[in-house]
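Dropping upload16.cif in here (mmCIF, C-alpha atoms):
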```
data_start
loop_
_atom_site.group_PDB
_atom_site.id
_atom_site.type_symbol
_atom_site.label_atom_id
_atom_site.label_comp_id
_atom_site.auth_asym_id
_atom_site.auth_seq_id
_atom_site.Cartn_x
_atom_site.Cartn_y
_atom_site.Cartn_z
ATOM 1 C CA MET Z 779 64.217 -141.384 -28.767
ATOM 2 C CA ILE Z 780 66.765 -143.632 -30.527
ATOM 3 C CA ASN Z 781 70.288 -143.028 -29.206
ATOM 4 C CA ASN Z 782 73.562 -144.973 -29.118
ATOM 5 C CA CYS Z 783 72.115 -147.680 -31.348
ATOM 6 C CA ASN Z 784 73.166 -149.547 -34.460
ATOM 7 C CA VAL Z 785 70.602 -148.807 -37.174
ATOM 8 C CA LEU Z 786 70.134 -150.242 -40.680
ATOM 9 C CA VAL Z 787 68.199 -148.226 -43.262
ATOM 10 C CA THR Z 788 67.488 -149.770 -46.662
ATOM 11 C CA GLY Z 789 66.827 -147.100 -49.275
ATOM 12 C CA GLY Z 790 68.670 -144.688 -46.999
ATOM 13 C CA ALA Z 791 69.873 -142.470 -49.858
ATOM 14 C CA GLY Z 792 66.325 -141.838 -51.037
ATOM 15 C CA PHE Z 793 63.892 -139.095 -50.153
ATOM 16 C CA ILE Z 794 62.383 -140.434 -46.916
ATOM 17 C CA GLY Z 795 65.336 -142.677 -46.054
ATOM 18 C CA SER Z 796 67.939 -139.893 -46.175
ATOM 19 C CA THR Z 797 65.765 -137.661 -43.992
ATOM 20 C CA LEU Z 798 65.610 -140.452 -41.408
ATOM 21 C CA VAL Z 799 69.353 -141.149 -41.698
ATOM 22 C CA ASN Z 800 70.308 -137.497 -41.303
ATOM 23 C CA GLN Z 801 68.179 -137.165 -38.172
ATOM 24 C CA LEU Z 802 69.520 -140.336 -36.522
ATOM 25 C CA SER Z 803 73.184 -140.199 -37.546
ATOM 26 C CA ALA Z 804 74.268 -137.624 -34.961
ATOM 27 C CA THR Z 805 73.684 -140.047 -32.066
ATOM 28 C CA ASN Z 806 73.655 -143.485 -33.716
ATOM 29 C CA GLN Z 807 75.725 -145.726 -35.960
ATOM 30 C CA ILE Z 808 73.946 -145.921 -39.324
ATOM 31 C CA THR Z 809 74.361 -148.491 -42.092
ATOM 32 C CA ILE Z 810 72.646 -147.736 -45.404
ATOM 33 C CA ILE Z 811 71.968 -150.205 -48.204
ATOM 34 C CA ASP Z 812 70.973 -148.475 -51.437
ATOM 35 C CA ASP Z 813 71.671 -149.256 -55.092
ATOM 36 C CA LEU Z 814 71.443 -145.518 -55.921
ATOM 37 C CA SER Z 815 69.017 -146.207 -58.756
ATOM 38 C CA MET Z 816 66.858 -143.419 -57.362
ATOM 39 C CA GLY Z 817 68.623 -142.324 -54.180
ATOM 40 C CA LYS Z 818 71.585 -139.957 -54.268
ATOM 41 C CA LYS Z 819 74.728 -139.815 -52.160
ATOM 42 C CA GLU Z 820 74.375 -136.050 -51.848
ATOM 43 C CA ASN Z 821 71.116 -136.542 -49.923
ATOM 44 C CA ILE Z 822 73.136 -137.987 -47.030
ATOM 45 C CA ASP Z 823 74.957 -135.908 -44.412
ATOM 46 C CA PHE Z 824 77.920 -138.257 -44.130
ATOM 47 C CA SER Z 825 79.866 -138.526 -40.876
ATOM 48 C CA ASP Z 826 82.013 -141.108 -39.098
ATOM 49 C CA ASN Z 827 78.723 -142.645 -37.936
ATOM 50 C CA THR Z 828 77.454 -143.315 -41.464
ATOM 51 C CA GLU Z 829 78.303 -146.191 -43.810
ATOM 52 C CA LEU Z 830 76.830 -146.549 -47.292
ATOM 53 C CA ILE Z 831 76.774 -149.987 -48.898
ATOM 54 C CA VAL Z 832 75.924 -149.664 -52.583
ATOM 55 C CA GLY Z 833 74.018 -152.846 -53.288
ATOM 56 C CA ASP Z 834 70.799 -154.447 -54.482
ATOM 57 C CA ILE Z 835 68.496 -155.454 -51.622
ATOM 58 C CA SER Z 836 66.969 -158.191 -53.766
ATOM 59 C CA LYS Z 837 70.316 -160.041 -53.776
ATOM 60 C CA GLN Z 838 70.547 -162.444 -50.836
ATOM 61 C CA SER Z 839 74.364 -162.251 -50.839
ATOM 62 C CA VAL Z 840 74.191 -158.490 -50.202
ATOM 63 C CA LEU Z 841 71.785 -158.827 -47.301
ATOM 64 C CA GLU Z 842 73.394 -161.916 -45.775
ATOM 65 C CA GLU Z 843 76.839 -160.350 -45.580
ATOM 66 C CA VAL Z 844 75.442 -157.349 -43.693
ATOM 67 C CA PHE Z 845 73.262 -159.408 -41.346
ATOM 68 C CA MET Z 846 76.027 -161.904 -40.553
ATOM 69 C CA ASN Z 847 78.581 -159.249 -39.676
ATOM 70 C CA GLN Z 848 76.545 -156.749 -37.673
ATOM 71 C CA GLN Z 849 73.978 -156.780 -34.914
ATOM 72 C CA PHE Z 850 71.324 -154.093 -35.341
ATOM 73 C CA ASP Z 851 69.054 -152.511 -32.778
ATOM 74 C CA TYR Z 852 66.661 -151.101 -35.383
ATOM 75 C CA ILE Z 853 66.023 -151.866 -39.050
ATOM 76 C CA PHE Z 854 64.008 -149.503 -41.244
ATOM 77 C CA HIS Z 855 63.161 -151.262 -44.509
ATOM 78 C CA LEU Z 856 62.363 -148.367 -46.870
ATOM 79 C CA GLY Z 857 64.102 -149.640 -50.012
ATOM 80 C CA ALA Z 858 61.685 -150.373 -52.857
ATOM 81 C CA ILE Z 859 60.687 -149.742 -56.430
ATOM 82 C CA ALA Z 860 58.312 -146.923 -55.595
ATOM 83 C CA SER Z 861 56.730 -146.302 -58.993
ATOM 84 C CA VAL Z 862 53.282 -147.793 -59.489
ATOM 85 C CA ALA Z 863 53.666 -147.319 -63.254
ATOM 86 C CA ASP Z 864 56.996 -149.187 -63.260
ATOM 87 C CA SER Z 865 55.413 -152.032 -61.312
ATOM 88 C CA VAL Z 866 52.810 -152.446 -64.040
ATOM 89 C CA LYS Z 867 55.510 -152.460 -66.747
ATOM 90 C CA ASN Z 868 57.923 -154.687 -64.810
ATOM 91 C CA PRO Z 869 56.003 -156.820 -62.291
ATOM 92 C CA VAL Z 870 58.723 -159.483 -61.982
ATOM 93 C CA ARG Z 871 61.487 -157.030 -61.077
ATOM 94 C CA THR Z 872 59.122 -155.157 -58.769
ATOM 95 C CA HIS Z 873 58.281 -158.402 -56.979
ATOM 96 C CA GLU Z 874 61.988 -159.169 -56.498
ATOM 97 C CA VAL Z 875 62.713 -155.804 -54.909
ATOM 98 C CA ASN Z 876 59.456 -155.134 -53.082
ATOM 99 C CA PHE Z 877 58.550 -158.613 -51.858
ATOM 100 C CA ASP Z 878 61.482 -161.018 -52.123
ATOM 101 C CA SER Z 879 63.851 -158.628 -50.331
ATOM 102 C CA THR Z 880 61.414 -158.323 -47.422
ATOM 103 C CA PHE Z 881 60.950 -162.061 -47.105
ATOM 104 C CA MET Z 882 64.717 -162.680 -47.233
ATOM 105 C CA MET Z 883 65.250 -159.986 -44.628
ATOM 106 C CA LEU Z 884 62.751 -161.561 -42.246
ATOM 107 C CA GLU Z 885 64.483 -164.939 -42.544
ATOM 108 C CA LEU Z 886 67.917 -163.352 -41.998
ATOM 109 C CA ILE Z 887 66.649 -161.455 -38.963
ATOM 110 C CA LYS Z 888 65.282 -164.695 -37.526
ATOM 111 C CA LYS Z 889 68.629 -166.380 -38.131
ATOM 112 C CA TYR Z 890 71.166 -163.696 -37.181
ATOM 113 C CA GLN Z 891 69.606 -160.711 -35.405
ATOM 114 C CA LYS Z 892 69.099 -161.914 -31.865
ATOM 115 C CA LYS Z 893 69.269 -158.433 -30.274
ATOM 116 C CA LEU Z 894 66.943 -156.601 -32.648
ATOM 117 C CA LYS Z 895 64.509 -154.231 -30.982
ATOM 118 C CA ARG Z 896 62.402 -153.515 -34.066
ATOM 119 C CA MET Z 897 62.124 -153.941 -37.816
ATOM 120 C CA ILE Z 898 59.870 -151.345 -39.468
ATOM 121 C CA PHE Z 899 58.472 -152.065 -42.936
ATOM 122 C CA ALA Z 900 57.392 -149.176 -45.169
ATOM 123 C CA SER Z 901 54.090 -150.071 -46.786
ATOM 124 C CA SER Z 902 51.775 -147.719 -48.668
ATOM 125 C CA ALA Z 903 48.283 -146.270 -48.783
ATOM 126 C CA ALA Z 904 48.162 -147.865 -52.245
ATOM 127 C CA VAL Z 905 46.991 -151.074 -50.523
ATOM 128 C CA TYR Z 906 43.549 -149.460 -50.102
ATOM 129 C CA GLY Z 907 43.171 -149.029 -53.878
ATOM 130 C CA ASP Z 908 39.898 -147.478 -55.003
ATOM 131 C CA GLU Z 909 37.823 -148.794 -52.094
ATOM 132 C CA PRO Z 910 35.599 -145.740 -51.416
ATOM 133 C CA THR Z 911 35.300 -145.835 -47.623
ATOM 134 C CA LEU Z 912 36.820 -142.731 -45.988
ATOM 135 C CA PRO Z 913 38.828 -142.158 -43.915
ATOM 136 C CA LYS Z 914 41.068 -145.156 -44.513
ATOM 137 C CA GLU Z 915 41.380 -147.242 -41.347
ATOM 138 C CA GLU Z 916 44.045 -149.892 -40.808
ATOM 139 C CA ASP Z 917 41.969 -152.567 -39.114
ATOM 140 C CA THR Z 918 39.224 -152.975 -41.693
ATOM 141 C CA SER Z 919 38.574 -155.221 -44.657
ATOM 142 C CA CYS Z 920 38.723 -152.205 -46.996
ATOM 143 C CA ILE Z 921 41.847 -153.398 -48.789
ATOM 144 C CA ARG Z 922 41.851 -153.486 -52.587
ATOM 145 C CA PRO Z 923 45.396 -153.505 -54.021
ATOM 146 C CA LEU Z 924 45.095 -152.849 -57.752
ATOM 147 C CA THR Z 925 48.690 -152.962 -59.042
ATOM 148 C CA PRO Z 926 51.767 -155.166 -58.629
ATOM 149 C CA TYR Z 927 53.227 -152.423 -56.413
ATOM 150 C CA ALA Z 928 50.233 -152.424 -54.061
ATOM 151 C CA ILE Z 929 49.922 -156.226 -54.047
ATOM 152 C CA ASP Z 930 53.597 -156.639 -53.107
ATOM 153 C CA LYS Z 931 53.328 -154.002 -50.395
ATOM 154 C CA PHE Z 932 50.304 -155.652 -48.817
ATOM 155 C CA SER Z 933 51.672 -159.194 -49.009
ATOM 156 C CA SER Z 934 55.020 -158.045 -47.586
ATOM 157 C CA GLU Z 935 53.213 -156.212 -44.830
ATOM 158 C CA ARG Z 936 51.323 -159.354 -43.838
ATOM 159 C CA PHE Z 937 54.506 -161.434 -43.719
ATOM 160 C CA VAL Z 938 56.212 -158.761 -41.622
ATOM 161 C CA LEU Z 939 53.430 -158.696 -39.047
ATOM 162 C CA ASP Z 940 52.965 -162.462 -38.975
ATOM 163 C CA TYR Z 941 56.657 -162.995 -38.281
ATOM 164 C CA TYR Z 942 55.999 -161.297 -34.957
ATOM 165 C CA SER Z 943 53.074 -163.549 -34.050
ATOM 166 C CA LEU Z 944 54.665 -166.743 -35.429
ATOM 167 C CA TYR Z 945 58.360 -166.319 -34.646
ATOM 168 C CA ASP Z 946 58.529 -163.438 -32.158
ATOM 169 C CA VAL Z 947 60.489 -161.251 -34.623
ATOM 170 C CA PRO Z 948 59.816 -157.678 -33.383
ATOM 171 C CA THR Z 949 58.150 -156.024 -36.361
ATOM 172 C CA SER Z 950 55.776 -153.196 -37.270
ATOM 173 C CA ALA Z 951 54.534 -151.749 -40.555
ATOM 174 C CA VAL Z 952 53.521 -148.263 -41.648
ATOM 175 C CA ARG Z 953 51.374 -147.184 -44.588
ATOM 176 C CA PHE Z 954 52.650 -143.908 -46.019
ATOM 177 C CA PHE Z 955 50.132 -141.526 -47.533
ATOM 178 C CA ASN Z 956 51.322 -138.616 -49.750
ATOM 179 C CA VAL Z 957 54.741 -137.645 -48.425
ATOM 180 C CA TYR Z 958 56.384 -134.416 -49.591
ATOM 181 C CA GLY Z 959 59.490 -132.405 -48.758
ATOM 182 C CA PRO Z 960 63.108 -131.642 -49.726
ATOM 183 C CA ASN Z 961 65.196 -134.100 -51.789
ATOM 184 C CA GLN Z 962 62.197 -135.474 -53.655
ATOM 185 C CA ASN Z 963 63.257 -135.781 -57.285
ATOM 186 C CA PRO Z 964 60.649 -134.065 -59.531
ATOM 187 C CA ASN Z 965 62.079 -135.576 -62.711
ATOM 188 C CA SER Z 966 61.554 -139.200 -61.796
ATOM 189 C CA PRO Z 967 58.484 -141.413 -62.264
ATOM 190 C CA TYR Z 968 58.656 -142.051 -58.513
ATOM 191 C CA SER Z 969 57.995 -138.450 -57.635
ATOM 192 C CA GLY Z 970 54.946 -137.103 -55.838
ATOM 193 C CA VAL Z 971 52.712 -134.468 -57.356
ATOM 194 C CA LEU Z 972 53.963 -131.742 -55.001
ATOM 195 C CA SER Z 973 57.583 -132.008 -56.123
ATOM 196 C CA ILE Z 974 56.479 -131.927 -59.764
ATOM 197 C CA LEU Z 975 54.290 -128.910 -59.032
ATOM 198 C CA LEU Z 976 57.024 -127.036 -57.149
ATOM 199 C CA ASN Z 977 59.463 -127.738 -59.970
ATOM 200 C CA SER Z 978 57.000 -126.084 -62.365
ATOM 201 C CA TYR Z 979 56.974 -122.989 -60.136
ATOM 202 C CA LYS Z 980 60.794 -122.938 -60.155
ATOM 203 C CA LYS Z 981 60.939 -123.053 -63.938
ATOM 204 C CA PHE Z 982 58.247 -120.400 -64.297
ATOM 205 C CA SER Z 983 60.034 -118.067 -61.854
ATOM 206 C CA ASN Z 984 63.168 -118.442 -64.006
ATOM 207 C CA ASP Z 985 61.242 -117.206 -67.053
ATOM 208 C CA GLN Z 986 60.953 -120.634 -68.618
ATOM 209 C CA SER Z 987 57.859 -121.342 -70.667
ATOM 210 C CA VAL Z 988 56.020 -123.864 -68.526
ATOM 211 C CA HIS Z 989 52.570 -124.892 -67.414
ATOM 212 C CA PHE Z 990 51.212 -127.470 -64.990
ATOM 213 C CA THR Z 991 48.781 -130.033 -66.376
ATOM 214 C CA LEU Z 992 45.789 -130.479 -64.098
ATOM 215 C CA PHE Z 993 43.820 -133.635 -64.779
ATOM 216 C CA GLY Z 994 40.193 -132.813 -64.070
ATOM 217 C CA ASP Z 995 39.169 -129.732 -62.114
ATOM 218 C CA GLY Z 996 41.646 -130.153 -59.248
ATOM 219 C CA SER Z 997 39.020 -131.285 -56.754
ATOM 220 C CA GLN Z 998 40.690 -134.669 -56.235
ATOM 221 C CA THR Z 999 42.041 -134.918 -52.699
ATOM 222 C CA ARG Z 1000 44.953 -136.546 -50.924
ATOM 223 C CA ASP Z 1001 46.408 -136.682 -47.421
ATOM 224 C CA PHE Z 1002 49.713 -134.785 -47.722
ATOM 225 C CA ILE Z 1003 52.268 -135.193 -44.921
ATOM 226 C CA TYR Z 1004 55.606 -133.433 -44.550
ATOM 227 C CA VAL Z 1005 58.614 -135.753 -44.528
ATOM 228 C CA GLU Z 1006 59.853 -134.683 -41.072
ATOM 229 C CA ASP Z 1007 56.494 -135.726 -39.604
ATOM 230 C CA VAL Z 1008 56.929 -139.086 -41.340
ATOM 231 C CA VAL Z 1009 60.322 -139.535 -39.671
ATOM 232 C CA SER Z 1010 58.775 -138.694 -36.296
ATOM 233 C CA ALA Z 1011 56.101 -141.333 -36.882
ATOM 234 C CA LEU Z 1012 58.704 -143.943 -37.853
ATOM 235 C CA ILE Z 1013 60.648 -143.348 -34.646
ATOM 236 C CA ILE Z 1014 57.538 -143.362 -32.438
ATOM 237 C CA VAL Z 1015 56.342 -146.663 -33.907
ATOM 238 C CA SER Z 1016 59.814 -148.209 -33.635
ATOM 239 C CA VAL Z 1017 60.205 -147.562 -29.896
ATOM 240 C CA SER Z 1018 56.654 -148.390 -28.789
ATOM 241 C CA GLU Z 1019 55.994 -151.776 -27.218
ATOM 242 C CA GLU Z 1020 52.321 -151.484 -28.152
ATOM 243 C CA SER Z 1021 53.146 -151.263 -31.862
ATOM 244 C CA LYS Z 1022 54.717 -154.715 -32.192
ATOM 245 C CA GLY Z 1023 52.900 -156.747 -34.819
ATOM 246 C CA GLN Z 1024 50.780 -153.741 -35.803
ATOM 247 C CA VAL Z 1025 50.323 -151.570 -38.911
ATOM 248 C CA TYR Z 1026 49.805 -147.799 -38.824
ATOM 249 C CA ASN Z 1027 48.650 -145.189 -41.302
ATOM 250 C CA VAL Z 1028 51.133 -142.323 -41.564
ATOM 251 C CA GLY Z 1029 49.308 -139.208 -42.680
ATOM 252 C CA THR Z 1030 47.724 -136.104 -41.184
ATOM 253 C CA GLY Z 1031 44.108 -137.201 -41.215
ATOM 254 C CA LYS Z 1032 43.300 -134.120 -43.318
ATOM 255 C CA GLU Z 1033 42.002 -134.111 -46.882
ATOM 256 C CA THR Z 1034 43.414 -131.462 -49.234
ATOM 257 C CA SER Z 1035 42.521 -130.814 -52.863
ATOM 258 C CA LEU Z 1036 45.137 -130.202 -55.516
ATOM 259 C CA LYS Z 1037 43.353 -126.955 -56.399
ATOM 260 C CA MET Z 1038 43.814 -125.744 -52.809
ATOM 261 C CA ILE Z 1039 47.535 -126.577 -52.899
ATOM 262 C CA ILE Z 1040 47.977 -124.554 -56.084
ATOM 263 C CA ASN Z 1041 46.224 -121.616 -54.415
ATOM 264 C CA VAL Z 1042 48.505 -121.865 -51.348
ATOM 265 C CA LEU Z 1043 51.658 -122.035 -53.488
ATOM 266 C CA ASP Z 1044 50.507 -119.125 -55.664
ATOM 267 C CA SER Z 1045 50.105 -117.103 -52.476
ATOM 268 C CA LEU Z 1046 53.377 -118.185 -50.812
ATOM 269 C CA LEU Z 1047 55.454 -117.580 -53.951
ATOM 270 C CA ASP Z 1048 53.450 -114.621 -55.283
ATOM 271 C CA ILE Z 1049 53.253 -116.440 -58.621
ATOM 272 C CA SER Z 1050 50.236 -117.308 -60.733
ATOM 273 C CA LEU Z 1051 51.297 -120.581 -62.319
ATOM 274 C CA PRO Z 1052 49.788 -121.251 -65.767
ATOM 275 C CA ILE Z 1053 47.459 -124.234 -65.552
ATOM 276 C CA GLN Z 1054 46.393 -126.449 -68.427
ATOM 277 C CA GLN Z 1055 43.374 -128.605 -67.731
ATOM 278 C CA ASP Z 1056 43.032 -132.067 -69.201
ATOM 279 C CA THR Z 1057 40.522 -134.875 -68.817
ATOM 280 C CA VAL Z 1058 40.608 -137.051 -65.727
ATOM 281 C CA ARG Z 1059 43.003 -139.966 -66.154
ATOM 282 C CA SER Z 1060 41.543 -143.441 -66.145
ATOM 283 C CA GLY Z 1061 42.200 -145.173 -62.824
ATOM 284 C CA ASP Z 1062 42.910 -142.003 -60.837
ATOM 285 C CA ILE Z 1063 41.475 -142.181 -57.327
ATOM 286 C CA GLU Z 1064 39.172 -139.238 -56.595
ATOM 287 C CA LYS Z 1065 39.599 -138.955 -52.825
ATOM 288 C CA SER Z 1066 41.962 -140.324 -50.190
ATOM 289 C CA VAL Z 1067 42.505 -139.476 -46.534
ATOM 290 C CA SER Z 1068 43.850 -141.454 -43.602
ATOM 291 C CA SER Z 1069 42.554 -142.102 -40.167
ATOM 292 C CA ILE Z 1070 45.499 -141.624 -37.793
ATOM 293 C CA GLU Z 1071 43.615 -142.349 -34.578
ATOM 294 C CA LYS Z 1072 45.618 -145.539 -34.068
ATOM 295 C CA LEU Z 1073 48.927 -143.675 -34.486
ATOM 296 C CA LYS Z 1074 47.772 -140.883 -32.173
ATOM 297 C CA LYS Z 1075 47.388 -143.450 -29.391
ATOM 298 C CA LEU Z 1076 51.186 -143.909 -29.554
ATOM 299 C CA GLY Z 1077 51.650 -140.167 -29.068
ATOM 300 C CA PHE Z 1078 52.001 -139.000 -32.678
ATOM 301 C CA PHE Z 1079 50.579 -135.673 -33.789
ATOM 302 C CA PRO Z 1080 51.683 -133.984 -37.024
ATOM 303 C CA LYS Z 1081 53.811 -130.923 -36.353
ATOM 304 C CA TYR Z 1082 53.443 -129.328 -39.778
ATOM 305 C CA SER Z 1083 50.267 -127.925 -41.279
ATOM 306 C CA LEU Z 1084 50.195 -128.037 -45.061
ATOM 307 C CA LYS Z 1085 51.075 -124.338 -45.265
ATOM 308 C CA ASP Z 1086 53.959 -124.666 -42.774
ATOM 309 C CA GLY Z 1087 55.280 -127.766 -44.543
ATOM 310 C CA LEU Z 1088 55.143 -126.060 -47.923
ATOM 311 C CA LYS Z 1089 56.947 -123.019 -46.484
ATOM 312 C CA LYS Z 1090 59.781 -125.192 -45.185
ATOM 313 C CA TYR Z 1091 59.893 -127.165 -48.438
ATOM 314 C CA ILE Z 1092 60.203 -123.906 -50.393
ATOM 315 C CA GLU Z 1093 62.949 -122.594 -48.084
ATOM 316 C CA LYS Z 1094 65.054 -125.717 -48.638
ATOM 317 C CA ASP Z 1095 64.373 -126.589 -52.254
ATOM 318 C CA PHE Z 1096 63.118 -123.559 -54.166
#
```
As structure tokens - that is how I would like this structure written.
Amino acid sequence: MINNCNVLVTGGAGFIGSTLVNQLSATNQITIIDDLSMGKKENIDFSDNTELIVGDISKQSVLEEVFMNQQFDYIFHLGAIASVADSVKNPVRTHEVNFDSTFMMLELIKKYQKKLKRMIFASSAAVYGDEPTLPKEEDTSCIRPLTPYAIDKFSSERFVLDYYSLYDVPTSAVRFFNVYGPNQNPNSPYSGVLSILLNSYKKFSNDQSVHFTLFGDGSQTRDFIYVEDVVSALIIVSVSEESKGQVYNVGTGKETSLKMIINVLDSLLDISLPIQQDTVRSGDIEKSVSSIEKLKKLGFFPKYSLKDGLKKYIEKDF
């Protein structure tokens, strides 16, 4: 759906960004900006169509040089400090990367990018916080960002959408729920629970002494979506005229407990992973699931069930 275009992907060496880059690079010219603090070069399938700029997106000089010298058709702004815990420890640095970079980018687009078809901003389900209403719907007042990470994502999101209504900059935003899949680093504080869990299975299958710590009884639920479905959603939103100035949940619309995931992985891998139960962590959200009715109206339907996504994840990363 995106062909023969010039595409910029910030955070393009990371988990979601590299999956997007590798899908688009066969038929498009791709520029990546990534400081490689969490992303890895080996995540990228490099070709003549792919350029990696190692740089900090919070530095205006880095962004301005790129925006002055190239005209982009699509910009996917995925670069961020993705750790909620890090945002609590380092709110100033988080604000620089997660908010300031977005605001600078919007101003540079307005100044230099006269042919841009769309800028997509990656927001997060974290903006909903612990507001109990389920499923989470985009166009409600049920927003309760509880951390610097979530606050920066929501404020950035609002600027992104308002630049469409105020300045006619073609923008959209997406709120990722719990994304999983290959190239997710299980050893980082940015990692999702599924990559940490699968890494425990790997170690156990290699006769390492390991257990997985389950906080509570495992009944807490999340909306898990396979990374290739996320990429499909990003592309669908980016090419839709209807999506300009709009925000979309990116999930499956299905609620899955951690206990159920462990049961599925035990079955797929024929392994009974040792589990150590601990008390529920303070601040953990009990249940979360998206409404994707708005995204479905653009033609998006998740391709991967949880079981199918886990199978493919295991094939690539186990």
May I ask which of the residues Z:Asn956, Z:Thr828, Z:Thr809, Z:Asn821 is the closest one to Z:Asn1027, counting only C-alpha atoms? Z:Asn956
For this file, the PyMOL selection byres ((chain Z and resi 834) around 12) selects which residues, as a ChimeraX atom specification? /Z:788-789,810-815,831-833,835-842,857-859,871,874-876,878-879
Selection result of the PyMOL selection byres ((chain Z and resi 1000-1016) around 6) on this file, as a ChimeraX atom specification: /Z:798,896,956-959,999,1017-1018,1021,1029-1030,1032-1034,1066-1067,1080,1087
Residues selected by the PyMOL selection byres ((chain Z and resi 927) around 10), written as a list of chain:residue names: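 Listing what the PyMOL selection byres ((chain Z and resi 927) around 10) selects in the shown file: Z:Ala858, Z:Ile859, Z:Ala860, Z:Ser861, Z:Val862, Z:Ala863, Z:Asp864, Z:Ser865, Z:Val866, Z:Asn868, Z:Pro869, Z:Thr872, Z:His873, Z:Asn876, Z:Phe877, Z:Ser901, Z:Ser902, Z:Ala904, Z:Val905, Z:Pro923, Z:Leu924, Z:Thr925, Z:Pro926, Z:Ala928, Z:Ile929, Z:Asp930, Z:Lys931, Z:Phe932.
Pairwise distance (atom CA of Z:Asn963, atom CA of Z:Asn806) equals 26.9 Å.
Closest to Z:Glu1064 among Z:Leu1043, Z:Ala951, Z:Leu976, Z:Leu912 is Z:Leu912, based on only C-alpha atoms.
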Closest to Z:Lys888 among Z:Asp1062, Z:Asp946, Z:Asp851, Z:Glu915, using all atoms listed in the file?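 That would be Z:Asp946, the residue with the smallest distance to Z:Lys888.
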Select, from Z:Glu885, Z:Gly994, Z:Ile1063, Z:Ser973, the residue with the minimum atom-to-atom distance to Z:Phe793, counting only C-alpha atoms.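 The shortest atom-to-atom distance to Z:Phe793 comes from Z:Ser973.
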Top pick for closest residue to Z:Phe850, considering Z:Val1058, Z:Ile794, Z:Cys783, Z:Ala903 and counting all atoms listed in the file: Z:Cys783
Find, counting all atoms listed in the file, the residue in Z:Pro960, Z:Glu829, Z:Leu786, Z:Asn800 that gets nearest to Z:Met883. Z:Leu786
So what do you get for atom CA of Z:Gly1023 versus atom CA of Z:Gly970, distance-wise?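 Those two atoms sit 28.8 Å apart.
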By how many Å are atom CA of Z:Gln1024 and atom CA of Z:Thr805 apart?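 These two atoms are separated by 26.9 Å.
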Residues at most 10 Å from Z:Asn781, counting all atoms listed in the file, excluding those fewer than 3 positions away in the same chain, as a list in words?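 Near neighbours after the sequence-gap exclusion: Asn784, Val785, Leu802, Ser803, Ala804, Thr805, Asn806 and Gln807 of chain Z.
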Taking all atoms of stretch 890-901 of chain Z that the file lists and extending 4 Å past them on each side, where is the centre of the axis-aligned box and how long are its edges? Answer in Å to one decimal, as AutoDock Vina command-line options.
```
--center_x 62.6 --center_y -156.4 --center_z -38.5 --size_x 25.1 --size_y 22.5 --size_z 24.5
```
Taking the point (45.3, -142.3, -36.7) as given in the file, collect each protein or nucleic acid residue that comes within 8 Å of it, counting all atoms listed in the file, and present the set as a PyMOL selection string. chain Z and resi 915+1026-1029+1031+1068-1075
Residue neighbourhood Z:Leu1051, 12 Å, only C-alpha atoms, exclusion window fewer than 4 positions, as a list in words: Leu975, Leu976, Asn977, Ser978, Tyr979, Lys980, Lys981, Phe982, Ser983, Asp985, Gln986, Ser987, Val988, His989, Phe990, Thr991, Leu992, Lys1037, Ile1039, Ile1040, Asn1041, Val1042, Leu1043, Asp1044, Ser1045, Leu1046 and Leu1047 of chain Z
Could you get me a file of stretch 1042-1051 of chain Z with N, CA and C atoms, as a PDB file, in the first residue's frame, taken from the block above?
```
ATOM      1  N   VAL Z1042      -0.765 -21.686  27.142  1.00  0.00           N
ATOM      2  CA  VAL Z1042      -0.570 -21.850  25.692  1.00  0.00           C
ATOM      3  C   VAL Z1042       0.889 -22.156  25.380  1.00  0.00           C
ATOM      4  N   LEU Z1043       1.813 -21.422  26.006  1.00  0.00           N
ATOM      5  CA  LEU Z1043       3.239 -21.661  25.760  1.00  0.00           C
ATOM      6  C   LEU Z1043       3.691 -23.019  26.285  1.00  0.00           C
ATOM      7  N   ASP Z1044       3.193 -23.428  27.436  1.00  0.00           N
ATOM      8  CA  ASP Z1044       3.493 -24.773  27.947  1.00  0.00           C
ATOM      9  C   ASP Z1044       3.098 -25.828  26.917  1.00  0.00           C
ATOM     10  N   SER Z1045       1.917 -25.626  26.316  1.00  0.00           N
ATOM     11  CA  SER Z1045       1.416 -26.586  25.338  1.00  0.00           C
ATOM     12  C   SER Z1045       2.221 -26.549  24.035  1.00  0.00           C
ATOM     13  N   LEU Z1046       2.500 -25.337  23.521  1.00  0.00           N
ATOM     14  CA  LEU Z1046       3.226 -25.219  22.255  1.00  0.00           C
ATOM     15  C   LEU Z1046       4.653 -25.754  22.361  1.00  0.00           C
ATOM     16  N   LEU Z1047       5.288 -25.549  23.505  1.00  0.00           N
ATOM     17  CA  LEU Z1047       6.691 -25.929  23.677  1.00  0.00           C
ATOM     18  C   LEU Z1047       6.863 -27.267  24.386  1.00  0.00           C
ATOM     19  N   ASP Z1048       5.733 -27.827  24.854  1.00  0.00           N
ATOM     20  CA  ASP Z1048       5.769 -29.077  25.624  1.00  0.00           C
ATOM     21  C   ASP Z1048       6.719 -28.941  26.812  1.00  0.00           C
ATOM     22  N   ILE Z1049       6.597 -27.823  27.505  1.00  0.00           N
ATOM     23  CA  ILE Z1049       7.430 -27.507  28.668  1.00  0.00           C
ATOM     24  C   ILE Z1049       6.513 -27.019  29.785  1.00  0.00           C
ATOM     25  N   SER Z1050       6.777 -27.476  30.995  1.00  0.00           N
ATOM     26  CA  SER Z1050       6.068 -26.949  32.155  1.00  0.00           C
ATOM     27  C   SER Z1050       7.023 -26.018  32.895  1.00  0.00           C
ATOM     28  N   LEU Z1051       6.887 -24.724  32.623  1.00  0.00           N
ATOM     29  CA  LEU Z1051       7.806 -23.743  33.179  1.00  0.00           C
ATOM     30  C   LEU Z1051       7.562 -23.580  34.687  1.00  0.00           C
TER      31      LEU Z1051
END
```
